[in-house]
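A.B. asks: After the structure tokens below, expect a handful of questions from me.
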Amino acid sequence: GLFVWHLKNTGIRQIPCQFVHLCRVANDRLITFQYFNFLKRMYVTQYNKDLSQRAKPKSDSVASPFRELQQLDQEKKVIHKIRPISPVHQPLSETSSRNELREIKSAAETEDSGPPVRAESKEDRQWKEMKLRLDDLPGILARLSKIKLTALVVSTASAGFAMAPVPFDLTCFLLASLGTGLASCAANSINQFFEVPFDSNMNRTKNRPLVRGQISPLLAVCFAASCGVPGIALLTLGVNPLTGALGAFNIFLYTCCYTPMKRMSIANTWVGAVVGAIPPVMGWTAATGSLDAGALLLGGILYSWQFPHFNALSWGLREDYSRGGYCMMSVTHPGLCRRVALRHCLALIGLSTVAPVLDITTWTFPVISLPINLYISYLGFRFYRDADRSSSRKLFFCSLWHLPMLLLVMFTCKKSLLEKEDKGDLLGGNHGRAMEITLP
């Protein structure tokens, strides 16, 4: 019994050691669970042949991938020609059928001749030198000088000349109008010369003569010089030096200040408004030879009118201005754009009221001009509130007829020279009586 008890104790103690030894031996001899399963499957398949897997017979020898590529290349090289199918119609005669066959053959020949057509399309896409015709030159120069804008400048200068409290001089009026128009043509031409790379990115200006290459830059500069120098000479020598100085300053302000500022700051709008306000001042100085309160009032009206006019125009062209790289209020500060337009619409009412105070018009002018000023102010408020294309277009088109209507009403309500002379005589007489009373 003691011997059996000793064997049991020694066996229990040696079980862990034996288990570790068996694991080592199993790892050394690669006896794993997967190996036992493999032996089991082999035993089953040997005694049960029905359970063995049946291998599918291989297909015929497959062509090598290189041969397949060769076959694909051969298939690509094959060109299938599709003959044109003539429309089905009733046979007329043998001659008509022959003509149809000839047409079919000619169509097939033209279809077969592919490379010449491609060559022609490539030639069409290449840049070609545009020849300048003498018949097209006046229209090109008119677009280069922005003839519509020049006409507006001349009309505002004429309004300033007509509003001056002096007798009308036809020769001076014609010289002032011609000189102002030539100065405006020169300024617009130089402006387009500087803005060619930026105008090409805008839909509104991509068809200008310099952008399309219809005229050379040298010819544009020569045209600007041939307009600017005689225009300033006419204003200086034919009218008076003050008007000539204002014309030269306006050209400088438009070309050297306003044009580069359009890509730098939104202050360009205020500078451009000053440029547009100078022509009526030039008309006033051409008639009187001096800067009076009336000249400043006319300039103020033109200055305020340009903000609703241009801000409404630029609102619909925001995409173009951003594409061209111009820094406009409508692009960078849309809220300010609408507020400024509304403010200057209301300022037109105040400026119209100041005119009789400065003894330029009668008191009927602010009364008659009040409806049109209220209407443009109403459209300015709609533009400020809605901020859409519809309201901006209405304000812009209203500004087109508002300015000539306002200037026409202002001219009709202008004080006559007789009234001013009588008022001056009355003041002179009262002053003389006062002097007589004060004298002993």
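Labels for the structure tokens follow display order: chains A, B, ..., residues from 1 in each chain, ligands from 1.
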Got a sec: who's within 12 Å of A:Trp363, counting only C-alpha atoms, leaving out chain neighbours fewer than 3 positions off, as an mmCIF file with all heavy atoms, in the first residue's frame?

C.D. replies:
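Final output, out_33.cif:
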```cif
data_model
loop_
_atom_site.group_PDB
_atom_site.id
_atom_site.type_symbol
_atom_site.label_atom_id
_atom_site.label_comp_id
_atom_site.auth_asym_id
_atom_site.auth_seq_id
_atom_site.Cartn_x
_atom_site.Cartn_y
_atom_site.Cartn_z
ATOM 1 N N SER A 352 -31.629 120.561 -54.663
ATOM 2 C CA SER A 352 -32.626 121.295 -55.452
ATOM 3 C C SER A 352 -33.248 122.422 -54.640
ATOM 4 O O SER A 352 -33.632 123.467 -55.193
ATOM 5 C CB SER A 352 -33.721 120.336 -55.931
ATOM 6 O OG SER A 352 -33.168 119.319 -56.742
ATOM 7 N N THR A 353 -33.337 122.231 -53.344
ATOM 8 C CA THR A 353 -33.891 123.285 -52.479
ATOM 9 C C THR A 353 -32.898 124.432 -52.292
ATOM 10 O O THR A 353 -33.307 125.589 -52.077
ATOM 11 C CB THR A 353 -34.273 122.684 -51.116
ATOM 12 O OG1 THR A 353 -35.098 121.527 -51.320
ATOM 13 C CG2 THR A 353 -35.020 123.684 -50.254
ATOM 14 N N VAL A 354 -31.593 124.131 -52.374
ATOM 15 C CA VAL A 354 -30.572 125.167 -52.177
ATOM 16 C C VAL A 354 -30.484 126.110 -53.371
ATOM 17 O O VAL A 354 -30.035 127.265 -53.235
ATOM 18 C CB VAL A 354 -29.211 124.493 -51.889
ATOM 19 C CG1 VAL A 354 -28.078 125.509 -51.846
ATOM 20 C CG2 VAL A 354 -29.281 123.725 -50.583
ATOM 21 N N ALA A 355 -30.910 125.664 -54.561
ATOM 22 C CA ALA A 355 -30.759 126.473 -55.778
ATOM 23 C C ALA A 355 -31.415 127.844 -55.669
ATOM 24 O O ALA A 355 -30.785 128.867 -55.997
ATOM 25 C CB ALA A 355 -31.298 125.696 -56.976
ATOM 26 N N PRO A 356 -32.663 127.979 -55.224
ATOM 27 C CA PRO A 356 -33.218 129.341 -55.102
ATOM 28 C C PRO A 356 -32.591 130.143 -53.973
ATOM 29 O O PRO A 356 -32.598 131.386 -54.020
ATOM 30 C CB PRO A 356 -34.713 129.092 -54.836
ATOM 31 C CG PRO A 356 -34.786 127.711 -54.288
ATOM 32 C CD PRO A 356 -33.681 126.954 -54.938
ATOM 33 N N VAL A 357 -32.057 129.439 -52.989
ATOM 34 C CA VAL A 357 -31.389 130.172 -51.905
ATOM 35 C C VAL A 357 -30.143 130.880 -52.428
ATOM 36 O O VAL A 357 -29.833 132.020 -52.018
ATOM 37 C CB VAL A 357 -31.036 129.207 -50.754
ATOM 38 C CG1 VAL A 357 -30.269 129.926 -49.651
ATOM 39 C CG2 VAL A 357 -32.300 128.566 -50.191
ATOM 40 N N LEU A 358 -29.440 130.238 -53.343
ATOM 41 C CA LEU A 358 -28.240 130.828 -53.943
ATOM 42 C C LEU A 358 -28.570 131.756 -55.097
ATOM 43 O O LEU A 358 -27.659 132.190 -55.814
ATOM 44 C CB LEU A 358 -27.301 129.721 -54.416
ATOM 45 C CG LEU A 358 -26.745 128.800 -53.332
ATOM 46 C CD1 LEU A 358 -25.896 127.694 -53.946
ATOM 47 C CD2 LEU A 358 -25.922 129.595 -52.321
ATOM 48 N N ASP A 359 -29.839 132.049 -55.307
ATOM 49 C CA ASP A 359 -30.292 132.981 -56.346
ATOM 50 C C ASP A 359 -29.932 132.493 -57.755
ATOM 51 O O ASP A 359 -29.594 133.274 -58.636
ATOM 52 C CB ASP A 359 -29.701 134.380 -56.108
ATOM 53 C CG ASP A 359 -30.532 135.479 -56.766
ATOM 54 O OD1 ASP A 359 -31.732 135.231 -56.994
ATOM 55 O OD2 ASP A 359 -29.969 136.534 -57.075
ATOM 56 N N ILE A 360 -30.032 131.165 -57.941
ATOM 57 C CA ILE A 360 -29.774 130.596 -59.269
ATOM 58 C C ILE A 360 -31.082 130.333 -59.990
ATOM 59 O O ILE A 360 -31.194 130.561 -61.198
ATOM 60 C CB ILE A 360 -28.939 129.298 -59.140
ATOM 61 C CG1 ILE A 360 -27.604 129.628 -58.481
ATOM 62 C CG2 ILE A 360 -28.746 128.634 -60.485
ATOM 63 C CD1 ILE A 360 -26.802 128.394 -58.123
ATOM 64 N N PRO A 366 -37.616 123.904 -56.812
ATOM 65 C CA PRO A 366 -37.725 122.791 -55.863
ATOM 66 C C PRO A 366 -39.109 122.159 -55.825
ATOM 67 O O PRO A 366 -39.248 120.965 -55.553
ATOM 68 C CB PRO A 366 -37.352 123.405 -54.515
ATOM 69 C CG PRO A 366 -37.354 124.852 -54.705
ATOM 70 C CD PRO A 366 -37.216 125.142 -56.148
ATOM 71 N N VAL A 367 -40.160 122.967 -56.140
ATOM 72 C CA VAL A 367 -41.514 122.417 -56.115
ATOM 73 C C VAL A 367 -41.737 121.502 -57.324
ATOM 74 O O VAL A 367 -42.284 120.395 -57.207
ATOM 75 C CB VAL A 367 -42.552 123.560 -56.083
ATOM 76 C CG1 VAL A 367 -43.961 122.997 -56.154
ATOM 77 C CG2 VAL A 367 -42.361 124.411 -54.840
ATOM 78 N N ILE A 368 -41.312 121.963 -58.510
ATOM 79 C CA ILE A 368 -41.528 121.170 -59.721
ATOM 80 C C ILE A 368 -40.641 119.929 -59.738
ATOM 81 O O ILE A 368 -41.058 118.856 -60.203
ATOM 82 C CB ILE A 368 -41.279 122.040 -60.967
ATOM 83 C CG1 ILE A 368 -42.267 123.199 -61.008
ATOM 84 C CG2 ILE A 368 -41.389 121.217 -62.244
ATOM 85 C CD1 ILE A 368 -42.018 124.180 -62.136
ATOM 86 N N SER A 369 -39.421 120.063 -59.235
ATOM 87 C CA SER A 369 -38.492 118.930 -59.253
ATOM 88 C C SER A 369 -38.736 117.935 -58.116
ATOM 89 O O SER A 369 -38.120 116.868 -58.095
ATOM 90 C CB SER A 369 -37.045 119.434 -59.150
ATOM 91 O OG SER A 369 -36.832 120.116 -57.921
ATOM 92 N N LEU A 370 -39.618 118.297 -57.176
ATOM 93 C CA LEU A 370 -39.853 117.402 -56.038
ATOM 94 C C LEU A 370 -40.431 116.043 -56.453
ATOM 95 O O LEU A 370 -39.982 115.006 -55.923
ATOM 96 C CB LEU A 370 -40.777 118.084 -55.024
ATOM 97 C CG LEU A 370 -41.032 117.310 -53.724
ATOM 98 C CD1 LEU A 370 -39.727 117.082 -52.968
ATOM 99 C CD2 LEU A 370 -42.047 118.051 -52.854
ATOM 100 N N VAL A 409 -35.715 121.181 -66.112
ATOM 101 C CA VAL A 409 -36.556 121.940 -65.179
ATOM 102 C C VAL A 409 -35.755 123.068 -64.542
ATOM 103 O O VAL A 409 -36.267 124.191 -64.353
ATOM 104 C CB VAL A 409 -37.137 120.985 -64.117
ATOM 105 C CG1 VAL A 409 -37.841 121.763 -63.015
ATOM 106 C CG2 VAL A 409 -38.102 120.004 -64.752
ATOM 107 N N MET A 410 -34.509 122.807 -64.240
ATOM 108 C CA MET A 410 -33.651 123.830 -63.640
ATOM 109 C C MET A 410 -33.423 124.994 -64.612
ATOM 110 O O MET A 410 -33.398 126.165 -64.207
ATOM 111 C CB MET A 410 -32.318 123.202 -63.238
ATOM 112 C CG MET A 410 -31.446 124.073 -62.376
ATOM 113 S SD MET A 410 -29.965 123.175 -61.830
ATOM 114 C CE MET A 410 -29.276 124.372 -60.687
ATOM 115 N N THR A 412 -35.495 125.887 -67.067
ATOM 116 C CA THR A 412 -36.746 126.634 -67.238
ATOM 117 C C THR A 412 -37.048 127.533 -66.033
ATOM 118 O O THR A 412 -37.704 128.571 -66.182
ATOM 119 C CB THR A 412 -37.915 125.661 -67.445
ATOM 120 O OG1 THR A 412 -37.953 124.715 -66.368
ATOM 121 C CG2 THR A 412 -37.777 124.915 -68.762
ATOM 122 N N CYS A 413 -36.558 127.129 -64.862
ATOM 123 C CA CYS A 413 -36.783 127.937 -63.653
ATOM 124 C C CYS A 413 -35.614 128.868 -63.349
ATOM 125 O O CYS A 413 -35.541 129.430 -62.244
ATOM 126 C CB CYS A 413 -37.022 127.033 -62.451
ATOM 127 S SG CYS A 413 -38.492 126.010 -62.587
ATOM 128 N N LYS A 414 -34.728 129.037 -64.304
ATOM 129 C CA LYS A 414 -33.573 129.912 -64.095
ATOM 130 C C LYS A 414 -34.026 131.366 -63.997
ATOM 131 O O LYS A 414 -34.929 131.802 -64.706
ATOM 132 C CB LYS A 414 -32.606 129.732 -65.261
ATOM 133 C CG LYS A 414 -31.469 130.733 -65.290
ATOM 134 C CD LYS A 414 -30.681 130.591 -66.582
ATOM 135 C CE LYS A 414 -29.655 131.706 -66.712
ATOM 136 N NZ LYS A 414 -28.904 131.613 -67.990
ATOM 137 N N LYS A 415 -33.360 132.085 -63.127
ATOM 138 C CA LYS A 415 -33.675 133.504 -62.975
ATOM 139 C C LYS A 415 -33.124 134.280 -64.159
ATOM 140 O O LYS A 415 -31.982 134.073 -64.572
ATOM 141 C CB LYS A 415 -33.085 134.057 -61.674
ATOM 142 C CG LYS A 415 -33.925 133.747 -60.456
ATOM 143 C CD LYS A 415 -33.477 134.563 -59.276
ATOM 144 C CE LYS A 415 -34.432 134.353 -58.091
ATOM 145 N NZ LYS A 415 -34.040 135.179 -56.934
#
```

A.B. asks: Within 10 Å of A:Ser314, counting only C-alpha atoms, which residues qualify if same-chain residues fewer than 3 places away don't, as a VMD selection string?

C.D. replies: chain A and resid 308 to 311 317 to 321 328 to 331 337 392 396

A.B. asks: May I have the selected residues written with all heavy atoms, as a CSV table (one decimal), in the first residue's frame?

C.D. replies:
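What ended up in again-v4.csv:
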```csv
chain,number,residue,atom,x,y,z
A,308,PRO,N,-26.4,106.9,-57.2
A,308,PRO,CA,-27.5,105.9,-57.6
A,308,PRO,C,-27.3,105.4,-59.0
A,308,PRO,O,-27.7,104.2,-59.2
A,308,PRO,CB,-28.8,106.8,-57.4
A,308,PRO,CG,-28.3,108.2,-57.5
A,308,PRO,CD,-27.0,108.2,-56.9
A,309,HIS,N,-26.8,106.2,-59.9
A,309,HIS,CA,-26.7,105.7,-61.3
A,309,HIS,C,-25.6,104.6,-61.4
A,309,HIS,O,-25.9,103.5,-61.9
A,309,HIS,CB,-26.3,106.9,-62.2
A,309,HIS,CG,-25.9,106.5,-63.6
A,309,HIS,ND1,-26.8,106.2,-64.5
A,309,HIS,CD2,-24.6,106.4,-64.1
A,309,HIS,CE1,-26.2,105.9,-65.6
A,309,HIS,NE2,-24.9,106.0,-65.4
A,310,PHE,N,-24.4,104.8,-60.8
A,310,PHE,CA,-23.4,103.9,-61.0
A,310,PHE,C,-23.6,102.7,-60.0
A,310,PHE,O,-23.3,101.5,-60.4
A,310,PHE,CB,-22.0,104.5,-60.7
A,310,PHE,CG,-20.9,103.6,-60.9
A,310,PHE,CD1,-20.5,103.1,-62.1
A,310,PHE,CD2,-20.2,103.1,-59.7
A,310,PHE,CE1,-19.4,102.2,-62.2
A,310,PHE,CE2,-19.2,102.2,-59.9
A,310,PHE,CZ,-18.8,101.8,-61.1
A,311,ASN,N,-24.0,102.9,-58.8
A,311,ASN,CA,-24.2,101.8,-57.9
A,311,ASN,C,-25.3,100.8,-58.3
A,311,ASN,O,-25.1,99.6,-58.2
A,311,ASN,CB,-24.5,102.3,-56.5
A,311,ASN,CG,-23.4,103.0,-55.8
A,311,ASN,OD1,-22.3,103.2,-56.4
A,311,ASN,ND2,-23.5,103.3,-54.5
A,317,LEU,N,-23.6,94.0,-62.4
A,317,LEU,CA,-22.3,93.6,-63.0
A,317,LEU,C,-21.3,93.1,-61.9
A,317,LEU,O,-20.1,93.2,-62.2
A,317,LEU,CB,-21.7,94.8,-63.8
A,317,LEU,CG,-22.6,95.3,-64.9
A,317,LEU,CD1,-22.0,96.6,-65.5
A,317,LEU,CD2,-22.8,94.2,-66.0
A,318,ARG,N,-21.8,92.6,-60.8
A,318,ARG,CA,-20.9,92.2,-59.8
A,318,ARG,C,-20.0,91.1,-60.2
A,318,ARG,O,-18.8,91.0,-59.9
A,318,ARG,CB,-21.7,91.8,-58.5
A,318,ARG,CG,-22.3,93.0,-57.8
A,318,ARG,CD,-23.1,92.5,-56.6
A,318,ARG,NE,-24.3,91.8,-57.0
A,318,ARG,CZ,-25.1,91.2,-56.1
A,318,ARG,NH1,-24.9,91.2,-54.8
A,318,ARG,NH2,-26.2,90.6,-56.6
A,319,GLU,N,-20.5,90.1,-60.9
A,319,GLU,CA,-19.7,89.0,-61.4
A,319,GLU,C,-18.6,89.5,-62.3
A,319,GLU,O,-17.5,89.0,-62.3
A,319,GLU,CB,-20.6,88.0,-62.0
A,319,GLU,CG,-21.7,87.4,-61.1
A,319,GLU,CD,-22.6,86.4,-61.8
A,319,GLU,OE1,-22.4,86.2,-63.1
A,319,GLU,OE2,-23.4,85.8,-61.2
A,320,ASP,N,-19.0,90.4,-63.2
A,320,ASP,CA,-18.0,90.9,-64.2
A,320,ASP,C,-16.9,91.6,-63.5
A,320,ASP,O,-15.7,91.5,-63.8
A,320,ASP,CB,-18.7,91.8,-65.2
A,320,ASP,CG,-18.9,91.1,-66.5
A,320,ASP,OD1,-18.7,89.9,-66.6
A,320,ASP,OD2,-19.3,91.7,-67.5
A,321,TYR,N,-17.3,92.5,-62.5
A,321,TYR,CA,-16.3,93.3,-61.8
A,321,TYR,C,-15.3,92.4,-61.0
A,321,TYR,O,-14.1,92.6,-60.9
A,321,TYR,CB,-16.9,94.3,-60.9
A,321,TYR,CG,-17.4,95.6,-61.7
A,321,TYR,CD1,-18.7,96.0,-61.6
A,321,TYR,CD2,-16.5,96.3,-62.5
A,321,TYR,CE1,-19.2,97.1,-62.3
A,321,TYR,CE2,-16.9,97.4,-63.2
A,321,TYR,CZ,-18.3,97.8,-63.1
A,321,TYR,OH,-18.7,98.9,-63.8
A,328,MET,N,-15.0,97.2,-56.3
A,328,MET,CA,-16.2,98.0,-56.3
A,328,MET,C,-17.1,97.8,-55.1
A,328,MET,O,-17.0,96.7,-54.5
A,328,MET,CB,-17.1,97.7,-57.6
A,328,MET,CG,-16.4,98.1,-58.9
A,328,MET,SD,-16.0,99.8,-59.0
A,328,MET,CE,-15.1,99.9,-60.5
A,329,MET,N,-17.8,98.8,-54.7
A,329,MET,CA,-18.7,98.7,-53.5
A,329,MET,C,-19.7,97.5,-53.6
A,329,MET,O,-20.0,96.8,-52.7
A,329,MET,CB,-19.4,100.0,-53.3
A,329,MET,CG,-18.7,101.0,-52.5
A,329,MET,SD,-19.7,102.3,-51.9
A,329,MET,CE,-20.1,103.1,-53.5
A,330,SER,N,-20.2,97.3,-54.8
A,330,SER,CA,-21.2,96.3,-55.0
A,330,SER,C,-20.6,94.9,-54.8
A,330,SER,O,-21.3,93.9,-54.5
A,330,SER,CB,-21.8,96.3,-56.4
A,330,SER,OG,-20.8,96.2,-57.4
A,331,VAL,N,-19.3,94.7,-54.9
A,331,VAL,CA,-18.6,93.4,-54.8
A,331,VAL,C,-18.1,93.2,-53.4
A,331,VAL,O,-18.4,92.2,-52.8
A,331,VAL,CB,-17.4,93.3,-55.8
A,331,VAL,CG1,-16.7,92.0,-55.6
A,331,VAL,CG2,-17.9,93.5,-57.2
A,337,CYS,N,-22.9,99.9,-50.5
A,337,CYS,CA,-23.4,100.3,-51.9
A,337,CYS,C,-24.8,100.8,-51.9
A,337,CYS,O,-25.2,101.8,-52.5
A,337,CYS,CB,-23.1,99.1,-52.8
A,337,CYS,SG,-23.7,99.4,-54.5
A,392,SER,N,-32.4,97.2,-58.8
A,392,SER,CA,-31.3,97.9,-59.3
A,392,SER,C,-31.5,98.4,-60.7
A,392,SER,O,-31.1,99.5,-61.1
A,392,SER,CB,-30.0,97.1,-59.2
A,392,SER,OG,-30.1,95.9,-60.0
A,396,PHE,N,-31.5,102.2,-62.1
A,396,PHE,CA,-30.6,102.7,-63.1
A,396,PHE,C,-31.3,103.3,-64.3
A,396,PHE,O,-30.9,104.4,-64.8
A,396,PHE,CB,-29.8,101.4,-63.6
A,396,PHE,CG,-28.9,101.7,-64.8
A,396,PHE,CD1,-27.8,102.5,-64.7
A,396,PHE,CD2,-29.3,101.2,-66.1
A,396,PHE,CE1,-27.0,102.7,-65.9
A,396,PHE,CE2,-28.6,101.5,-67.2
A,396,PHE,CZ,-27.4,102.2,-67.1
```

A.B. asks: Nearest to A:Ser304 among A:Phe381, A:Ser399, A:Asn240, A:Val221, with distances taken over only C-alpha atoms: which residue is it?

C.D. replies: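 Smallest separation from A:Ser304 among the options: A:Ser399.
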
A.B. asks: Identify all residues of stretch 186-398 of chain A in alpha helix (DSSP H) (DSSP on the backbone) and supply them as a PyMOL selection string.

C.D. replies: chain A and resi 186-194+196-199+209-212+217-233+241-252+259-261+268-288+293-315+318-324+329-332+334-357+364-386+389-398

A.B. asks: Which residue gives the smallest distance to A:Leu291 among A:Val154, A:Leu374, A:Leu175, A:Ala164, with only C-alpha atoms counted?

C.D. replies: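 Closest to A:Leu291, using only C-alpha atoms: A:Ala164.
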
A.B. asks: So, with only C-alpha atoms as the atoms that count, which of A:Leu134, A:Arg389, A:Leu406, A:Phe307 lies closest to A:Ile372?

C.D. replies: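 Selected residue with least distance to A:Ile372: A:Leu406.
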
A.B. asks: What lies within 9 Å of A:Leu210 using only C-alpha atoms, ignoring chain neighbours under 5 positions off, as a ChimeraX atom specification?

C.D. replies: /A:144,192-193,196,215-217,220

A.B. asks: Please, what distance in Å, to one decimal, runs between atom CA of A:Ala347 and atom CA of A:Gly247?

C.D. replies: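 Here the two named atoms are 26.4 Å from each other.
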
A.B. asks: If you measure from atom CA of A:Thr156 to atom CA of A:Arg393, what distance in Å do you get, rounded to one decimal?

C.D. replies: 23.0 Å

A.B. asks: Which is closest to A:Asn191 among A:Ala295, A:Cys222, A:Cys398, A:Ile251, if we use only C-alpha atoms?

C.D. replies: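 Of all the options, A:Ile251 lies closest to A:Asn191.
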
A.B. asks: Any idea what the distance is between atom CA of A:Phe411 and atom CA of A:Ala187?

C.D. replies: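 Spanning atom CA of A:Phe411 to atom CA of A:Ala187 is a straight-line distance of 28.5 Å.
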
A.B. asks: Which residues are close to A:Ser189, i.e. within 12 Å by only C-alpha atoms, leaving aside same-chain residues fewer than 6 positions away? Reply as a PyMOL selection string.

C.D. replies: chain A and resi 140-147+149-150+182-183+195-196+208-210+215+217-228+251+254-255+259

A.B. asks: For A:Phe383, which residue out of A:Leu348, A:Leu400, A:Ala248, A:Ala312 is the nearest one, using only C-alpha atoms?

C.D. replies: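 Checking each of A:Leu348, A:Leu400, A:Ala248, A:Ala312 against A:Phe383, counting only C-alpha atoms, the winner is A:Ala312.
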